[in-house]
$ cat data_19.cif   # mmCIF, C-alpha atoms and all ligand atoms
data_run
#
loop_
_atom_site.group_PDB
_atom_site.id
_atom_site.type_symbol
_atom_site.label_atom_id
_atom_site.label_comp_id
_atom_site.auth_asym_id
_atom_site.auth_seq_id
_atom_site.Cartn_x
_atom_site.Cartn_y
_atom_site.Cartn_z
ATOM 1 C CA ILE L 1 11.047 -0.312 21.688
ATOM 2 C CA SER L 2 14.178 -1.862 20.147
ATOM 3 C CA ASP L 3 14.580 -2.462 16.391
ATOM 4 C CA GLU L 4 14.736 -6.173 17.150
ATOM 5 C CA VAL L 5 11.308 -6.138 18.806
ATOM 6 C CA ILE L 6 9.864 -4.094 15.908
ATOM 7 C CA LEU L 7 11.256 -6.577 13.362
ATOM 8 C CA ARG L 8 9.900 -9.548 15.266
ATOM 9 C CA ARG L 9 6.467 -7.916 15.524
ATOM 10 C CA ILE L 10 6.409 -7.118 11.786
ATOM 11 C CA PHE L 11 7.142 -10.775 11.109
ATOM 12 C CA VAL L 12 4.181 -11.685 13.304
ATOM 13 C CA LEU L 13 1.868 -8.975 11.899
ATOM 14 C CA GLN L 14 2.353 -10.327 8.380
ATOM 15 C CA LYS L 15 0.494 -13.448 9.451
ATOM 16 C CA ILE L 16 -2.715 -11.487 10.014
ATOM 17 C CA GLU L 17 -4.745 -11.500 6.772
ATOM 18 C CA LEU L 18 -6.379 -8.187 7.582
ATOM 19 C CA PHE L 19 -3.021 -6.475 7.276
ATOM 20 C CA SER L 20 -1.713 -8.186 4.152
ATOM 21 C CA ASP L 21 -1.799 -4.978 2.101
ATOM 22 C CA LEU L 22 0.083 -2.714 4.500
ATOM 23 C CA THR L 23 3.184 -0.888 3.309
ATOM 24 C CA LEU L 24 6.448 -1.401 5.174
ATOM 25 C CA ASN L 25 6.042 1.988 6.865
ATOM 26 C CA GLU L 26 2.544 1.035 8.004
ATOM 27 C CA PHE L 27 3.853 -2.274 9.370
ATOM 28 C CA ILE L 28 6.465 -0.364 11.353
ATOM 29 C CA GLU L 29 3.828 2.061 12.642
ATOM 30 C CA LEU L 30 1.533 -0.811 13.615
ATOM 31 C CA ALA L 31 4.366 -2.775 15.213
ATOM 32 C CA ARG L 32 4.969 0.134 17.602
ATOM 33 C CA MET L 33 1.384 0.120 18.866
ATOM 34 C CA VAL L 34 0.251 -3.505 19.115
ATOM 35 C CA ASP L 35 0.269 -5.640 22.242
ATOM 36 C CA GLU L 36 0.671 -9.390 22.415
ATOM 37 C CA ALA L 37 -1.199 -11.606 24.848
ATOM 38 C CA GLN L 38 -1.132 -15.326 25.595
ATOM 39 C CA PHE L 39 -4.100 -17.411 26.621
ATOM 40 C CA GLU L 40 -4.050 -20.960 27.917
ATOM 41 C CA GLN L 41 -6.400 -23.626 26.595
ATOM 42 C CA GLY L 42 -9.922 -22.986 27.879
ATOM 43 C CA GLU L 43 -9.277 -19.392 28.891
ATOM 44 C CA VAL L 44 -12.032 -16.921 27.985
ATOM 45 C CA ILE L 45 -10.849 -14.044 25.756
ATOM 46 C CA CYS L 46 -14.133 -12.156 25.502
ATOM 47 C CA GLN L 47 -17.710 -12.808 26.526
ATOM 48 C CA ALA L 48 -21.053 -12.220 24.807
ATOM 49 C CA GLY L 49 -22.829 -9.184 26.221
ATOM 50 C CA GLU L 50 -19.702 -7.491 27.581
ATOM 51 C CA LEU L 51 -18.456 -4.196 26.206
ATOM 52 C CA GLY L 52 -15.048 -4.325 24.587
ATOM 53 C CA ASP L 53 -12.754 -1.994 22.667
ATOM 54 C CA THR L 54 -10.143 -4.531 21.583
ATOM 55 C CA MET L 55 -9.745 -6.470 18.361
ATOM 56 C CA TYR L 56 -7.588 -9.586 18.127
ATOM 57 C CA GLY L 57 -5.423 -11.246 15.486
ATOM 58 C CA ILE L 58 -4.441 -14.894 15.976
ATOM 59 C CA ILE L 59 -0.682 -15.443 15.751
ATOM 60 C CA GLU L 60 -0.676 -18.982 17.106
ATOM 61 C CA GLY L 61 -3.386 -21.418 18.161
ATOM 62 C CA HIS L 62 -7.135 -21.759 17.712
ATOM 63 C CA VAL L 63 -10.049 -19.762 19.060
ATOM 64 C CA ARG L 64 -13.542 -21.149 19.508
ATOM 65 C CA VAL L 65 -16.425 -18.734 18.883
ATOM 66 C CA HIS L 66 -19.572 -19.822 20.726
ATOM 67 C CA ARG L 67 -22.593 -18.634 22.660
ATOM 68 C CA GLY L 68 -22.524 -20.657 25.814
ATOM 69 C CA ALA L 69 -22.740 -24.293 24.652
ATOM 70 C CA GLU L 70 -23.717 -23.334 21.064
ATOM 71 C CA PHE L 71 -20.747 -23.624 18.684
ATOM 72 C CA ILE L 72 -20.449 -20.829 16.090
ATOM 73 C CA ALA L 73 -17.004 -21.055 14.488
ATOM 74 C CA SER L 74 -13.404 -22.051 14.949
ATOM 75 C CA LEU L 75 -10.763 -19.461 14.040
ATOM 76 C CA GLN L 76 -7.093 -20.107 13.344
ATOM 77 C CA GLU L 77 -3.743 -18.410 12.767
ATOM 78 C CA GLY L 78 -4.058 -15.371 10.504
ATOM 79 C CA GLU L 79 -7.717 -14.732 11.334
ATOM 80 C CA SER L 80 -9.084 -11.834 13.372
ATOM 81 C CA PHE L 81 -12.004 -11.435 15.729
ATOM 82 C CA GLY L 82 -13.618 -8.839 17.968
ATOM 83 C CA GLU L 83 -14.279 -6.543 14.987
ATOM 84 C CA MET L 84 -18.031 -6.279 15.631
ATOM 85 C CA ALA L 85 -17.768 -4.437 18.941
ATOM 86 C CA ILE L 86 -15.077 -2.235 17.375
ATOM 87 C CA ILE L 87 -17.482 -1.211 14.632
ATOM 88 C CA ASP L 88 -20.700 -0.647 16.586
ATOM 89 C CA SER L 89 -19.299 0.023 20.097
ATOM 90 C CA GLY L 90 -21.961 -2.419 21.261
ATOM 91 C CA PRO L 91 -21.675 -5.551 23.383
ATOM 92 C CA ARG L 92 -19.755 -8.600 22.124
ATOM 93 C CA SER L 93 -21.906 -10.852 19.927
ATOM 94 C CA ALA L 94 -20.348 -14.131 21.086
ATOM 95 C CA ASP L 95 -17.984 -15.769 23.555
ATOM 96 C CA CYS L 96 -14.421 -16.350 22.316
ATOM 97 C CA THR L 97 -12.340 -18.986 24.102
ATOM 98 C CA ALA L 98 -8.804 -20.234 23.509
ATOM 99 C CA ALA L 99 -9.230 -23.778 22.115
ATOM 100 C CA THR L 100 -5.485 -24.369 22.460
ATOM 101 C CA ARG L 101 -2.704 -22.340 23.946
ATOM 102 C CA THR L 102 -3.090 -19.155 21.895
ATOM 103 C CA VAL L 103 -0.984 -16.102 21.130
ATOM 104 C CA LEU L 104 -2.928 -13.011 20.094
ATOM 105 C CA LEU L 105 -2.197 -9.541 18.849
ATOM 106 C CA GLN L 106 -4.390 -6.945 20.501
ATOM 107 C CA LEU L 107 -5.386 -3.660 18.929
ATOM 108 C CA HIS L 108 -7.458 -0.909 20.457
ATOM 109 C CA ARG L 109 -10.528 0.423 18.600
ATOM 110 C CA ASP L 110 -8.879 3.795 17.841
ATOM 111 C CA GLN L 111 -5.875 2.049 16.295
ATOM 112 C CA VAL L 112 -8.021 -0.219 14.111
ATOM 113 C CA LEU L 113 -10.192 2.671 12.947
ATOM 114 C CA SER L 114 -7.257 4.928 12.160
ATOM 115 C CA PHE L 115 -5.712 2.145 10.058
ATOM 116 C CA CYS L 116 -8.996 1.574 8.244
ATOM 117 C CA PHE L 117 -9.110 5.203 7.167
ATOM 118 C CA GLN L 118 -5.428 5.407 6.348
ATOM 119 C CA ASN L 119 -5.403 2.239 4.236
ATOM 120 C CA THR L 120 -8.739 1.428 2.629
ATOM 121 C CA GLU L 121 -7.593 -2.143 1.869
ATOM 122 C CA VAL L 122 -7.745 -2.798 5.624
ATOM 123 C CA LEU L 123 -11.273 -1.349 5.695
ATOM 124 C CA LYS L 124 -12.357 -3.506 2.723
ATOM 125 C CA ARG L 125 -10.960 -6.650 4.307
ATOM 126 C CA LEU L 126 -12.630 -5.826 7.603
ATOM 127 C CA MET L 127 -15.969 -5.302 5.852
ATOM 128 C CA ARG L 128 -15.567 -8.568 3.937
ATOM 129 C CA VAL L 129 -14.900 -10.509 7.163
ATOM 130 C CA LEU L 130 -17.920 -8.844 8.768
ATOM 131 C CA ALA L 131 -20.208 -9.602 5.785
ATOM 132 C CA ASP L 132 -19.139 -13.276 5.719
ATOM 133 C CA ARG L 133 -19.834 -13.647 9.420
ATOM 134 C CA LEU L 134 -23.220 -11.921 9.229
ATOM 135 C CA LYS L 135 -24.262 -14.163 6.316
ATOM 136 C CA GLY L 136 -23.261 -17.179 8.394
ATOM 137 C CA MET L 137 -25.532 -16.028 11.220
ATOM 138 C CA GLN L 138 -28.811 -16.165 9.211
HETATM 139 P P1 LIG O 1 -17.449 -9.194 18.685
HETATM 140 O O1 LIG O 1 -18.918 -9.186 18.632
HETATM 141 O O2 LIG O 1 -16.746 -7.927 18.985
HETATM 142 O O3 LIG O 1 -16.962 -10.287 19.754
HETATM 143 C C1 LIG O 1 -17.229 -11.651 19.476
HETATM 144 C C2 LIG O 1 -16.619 -11.978 18.137
HETATM 145 O O4 LIG O 1 -16.883 -13.278 17.652
HETATM 146 C C3 LIG O 1 -17.198 -11.086 17.032
HETATM 147 O O5 LIG O 1 -16.856 -9.750 17.285
HETATM 148 C C4 LIG O 1 -16.626 -11.744 15.819
HETATM 149 O O6 LIG O 1 -15.281 -11.388 15.641
HETATM 150 C C5 LIG O 1 -16.698 -13.219 16.248
HETATM 151 N N1 LIG O 1 -17.858 -13.832 15.593
HETATM 152 C C6 LIG O 1 -19.160 -13.574 15.820
HETATM 153 N N2 LIG O 1 -19.923 -14.293 14.995
HETATM 154 C C7 LIG O 1 -19.105 -15.012 14.214
HETATM 155 C C8 LIG O 1 -19.306 -15.978 13.154
HETATM 156 N N3 LIG O 1 -20.514 -16.312 12.725
HETATM 157 N N4 LIG O 1 -18.193 -16.512 12.589
HETATM 158 C C9 LIG O 1 -16.971 -16.185 13.020
HETATM 159 N N5 LIG O 1 -16.736 -15.303 14.001
HETATM 160 C C10 LIG O 1 -17.782 -14.722 14.593
#
$ encode --input "data_19.cif" --output "structure tokens" --more "lines below"
Ligand code: CMP
Amino acid sequence: ISDEVILRRIFVLQKIELFSDLTLNEFIELARMVDEAQFEQGEVICQAGELGDTMYGIIEGHVRVHRGAEFIASLQEGESFGEMAIIDSGPRSADCTAATRTVLLQLHRDQVLSFCFQNTEVLKRLMRVLADRLKGMQ
């Protein structure tokens, strides 16, 4: 990958709250491994009940979290989702749909977990996000 692509990806990665405490070297390392994906409005990103090993960070756009017709949450730029299946290797807890045209960063489970153990701030942030969402589900 060219230096230009790495720089552009670091710029984008800084938008994701989960990664706000990474060092420059960690940003470079992460920039080499992430993928970007675009979804059009209405496109399904992941579905409740399916297995998945990808976590997502929203770079642009809005994502609707729902279970069929039941609305759960709306997520925006800087927020992440898909962490639950990463943590328990179980099926997705909800459907996630692009509410607008959306640009996402995609990270594989192994990459997320290795970052969590390398930089405990990432782990703490991930646990905080998870706790907030579980509280909201009561
Ligand atoms: P996962 O279960 O892997 O896939 C669906 C995702 O929806 C889930 O991870 C969370 O990231 C997200 N999600 C589930 N419940 C909530 C909630 N109450 N608030 C916000 N996001 C949620």
$ residues_near_ligand --input "data_19.cif" --ligand "ligand LIG 1 (chain O)" --cutoff "6 Å" --atoms "only C-alpha atoms and all ligand atoms" --output "list in words"
Val65, Ile72, Ala73, Phe81, Gly82, Glu83, Met84, Ala85, Arg92, Ser93, Ala94, Asp95, Arg133, Gly136 and Met137 of chain L
$ resolve_selection --input "data_19.cif" --expression "the PyMOL selection byres (((chain L and resi 35) around 9) and not hetatm)" --output "list in words"
Ala31, Arg32, Met33, Val34, Glu36, Ala37, Leu104, Leu105, Gln106 and Leu107 of chain L
$ residues_around --input "data_19.cif" --residues "Val12 in chain L" --least-positions-apart "4" --cutoff "8 Å" --atoms "only C-alpha atoms" --output "PyMOL selection string"
chain L and resi 8+16+59
$ resolve_selection --input "data_19.cif" --expression "the PyMOL selection byres (((chain L and resi 74) around 10) and not hetatm)" --output "number ranges by chain"
L: 62-66, 71-73, 75-76, 79, 96-99
$ write_last_selection --input "data_19.cif" --atoms "C-alpha atoms" --output "PDB file, keeping the file's coordinate frame"
ATOM      1  CA  HIS L  62      -7.135 -21.759  17.712  1.00  0.00           C
ATOM      2  CA  VAL L  63     -10.049 -19.762  19.060  1.00  0.00           C
ATOM      3  CA  ARG L  64     -13.542 -21.149  19.508  1.00  0.00           C
ATOM      4  CA  VAL L  65     -16.425 -18.734  18.883  1.00  0.00           C
ATOM      5  CA  HIS L  66     -19.572 -19.822  20.726  1.00  0.00           C
ATOM      6  CA  PHE L  71     -20.747 -23.624  18.684  1.00  0.00           C
ATOM      7  CA  ILE L  72     -20.449 -20.829  16.090  1.00  0.00           C
ATOM      8  CA  ALA L  73     -17.004 -21.055  14.488  1.00  0.00           C
ATOM      9  CA  LEU L  75     -10.763 -19.461  14.040  1.00  0.00           C
ATOM     10  CA  GLN L  76      -7.093 -20.107  13.344  1.00  0.00           C
ATOM     11  CA  GLU L  79      -7.717 -14.732  11.334  1.00  0.00           C
ATOM     12  CA  CYS L  96     -14.421 -16.350  22.316  1.00  0.00           C
ATOM     13  CA  THR L  97     -12.340 -18.986  24.102  1.00  0.00           C
ATOM     14  CA  ALA L  98      -8.804 -20.234  23.509  1.00  0.00           C
ATOM     15  CA  ALA L  99      -9.230 -23.778  22.115  1.00  0.00           C
TER      16      ALA L  99
END
$ axis_aligned_box --input "data_19.cif" --around "range 2-8 of chain L" --padding-each-side "5 Å" --output "JSON"
{"center_x": 12.3, "center_y": -5.7, "center_z": 16.8, "size_x": 14.9, "size_y": 17.7, "size_z": 16.8}
$ closest_residue --input "data_19.cif" --among "L:Val103, L:Leu134, L:Leu30, L:Leu22" --to "Leu7 in chain L" --atoms "only C-alpha atoms"
L:Leu30
$ residues_around --input "data_19.cif" --residues "range 108-123 of chain L" --least-positions-apart "3" --cutoff "6 Å" --atoms "all atoms listed in the file" --output "compact mmCIF listing (two decimals) with C-alpha atoms, in the coordinates of the input"
# COMPACT_ATOMS: atom_id res chain seq x y z
CA LEU L 18 -6.38 -8.19 7.58
CA ASP L 53 -12.75 -1.99 22.67
CA THR L 54 -10.14 -4.53 21.58
CA ILE L 86 -15.08 -2.24 17.38
CA LEU L 126 -12.63 -5.83 7.60
$ atom_distance --input "data_19.cif" --atom1 "CA of Glu26 in chain L" --atom2 "CA of Gln38 in chain L"
24.3 Å
$ atom_distance --input "data_19.cif" --atom1 "CA of Arg101 in chain L" --atom2 "CA of Phe39 in chain L"
5.8 Å
$ atom_distance --input "data_19.cif" --atom1 "CA of Ser80 in chain L" --atom2 "CA of Gly61 in chain L"
12.1 Å
$ build_atoms --input "data_19.cif" --residues "range 2-18 of chain L" --atoms "N, CA and C atoms" --output "mmCIF file, keeping the file's coordinate frame"
data_model
loop_
_atom_site.group_PDB
_atom_site.id
_atom_site.type_symbol
_atom_site.label_atom_id
_atom_site.label_comp_id
_atom_site.auth_asym_id
_atom_site.auth_seq_id
_atom_site.Cartn_x
_atom_site.Cartn_y
_atom_site.Cartn_z
ATOM 1 N N SER L 2 12.967 -1.621 20.944
ATOM 2 C CA SER L 2 14.178 -1.862 20.147
ATOM 3 C C SER L 2 13.824 -2.273 18.717
ATOM 4 N N ASP L 3 14.779 -2.074 17.799
ATOM 5 C CA ASP L 3 14.580 -2.462 16.391
ATOM 6 C C ASP L 3 14.281 -3.953 16.285
ATOM 7 N N GLU L 4 14.919 -4.720 17.189
ATOM 8 C CA GLU L 4 14.736 -6.173 17.150
ATOM 9 C C GLU L 4 13.277 -6.544 17.450
ATOM 10 N N VAL L 5 12.714 -5.874 18.440
ATOM 11 C CA VAL L 5 11.308 -6.138 18.806
ATOM 12 C C VAL L 5 10.389 -5.732 17.653
ATOM 13 N N ILE L 6 10.679 -4.579 17.032
ATOM 14 C CA ILE L 6 9.864 -4.094 15.908
ATOM 15 C C ILE L 6 9.905 -5.116 14.762
ATOM 16 N N LEU L 7 11.105 -5.597 14.448
ATOM 17 C CA LEU L 7 11.256 -6.577 13.362
ATOM 18 C C LEU L 7 10.485 -7.856 13.649
ATOM 19 N N ARG L 8 10.583 -8.320 14.885
ATOM 20 C CA ARG L 8 9.900 -9.548 15.266
ATOM 21 C C ARG L 8 8.381 -9.360 15.160
ATOM 22 N N ARG L 9 7.911 -8.185 15.587
ATOM 23 C CA ARG L 9 6.467 -7.916 15.524
ATOM 24 C C ARG L 9 5.980 -7.807 14.081
ATOM 25 N N ILE L 10 6.806 -7.225 13.196
ATOM 26 C CA ILE L 10 6.409 -7.118 11.786
ATOM 27 C C ILE L 10 6.261 -8.521 11.210
ATOM 28 N N PHE L 11 7.180 -9.388 11.557
ATOM 29 C CA PHE L 11 7.142 -10.775 11.109
ATOM 30 C C PHE L 11 5.812 -11.415 11.515
ATOM 31 N N VAL L 12 5.409 -11.130 12.747
ATOM 32 C CA VAL L 12 4.181 -11.685 13.304
ATOM 33 C C VAL L 12 2.937 -11.040 12.657
ATOM 34 N N LEU L 13 3.007 -9.713 12.468
ATOM 35 C CA LEU L 13 1.868 -8.975 11.899
ATOM 36 C C LEU L 13 1.542 -9.429 10.484
ATOM 37 N N GLN L 14 2.563 -9.875 9.758
ATOM 38 C CA GLN L 14 2.353 -10.327 8.380
ATOM 39 C C GLN L 14 1.475 -11.566 8.306
ATOM 40 N N LYS L 15 1.336 -12.247 9.434
ATOM 41 C CA LYS L 15 0.494 -13.448 9.451
ATOM 42 C C LYS L 15 -0.992 -13.095 9.476
ATOM 43 N N ILE L 16 -1.316 -11.871 9.866
ATOM 44 C CA ILE L 16 -2.715 -11.487 10.014
ATOM 45 C C ILE L 16 -3.256 -11.004 8.658
ATOM 46 N N GLU L 17 -4.223 -11.762 8.123
ATOM 47 C CA GLU L 17 -4.745 -11.500 6.772
ATOM 48 C C GLU L 17 -5.231 -10.060 6.593
ATOM 49 N N LEU L 18 -5.839 -9.548 7.630
ATOM 50 C CA LEU L 18 -6.379 -8.187 7.582
ATOM 51 C C LEU L 18 -5.321 -7.162 7.180
#
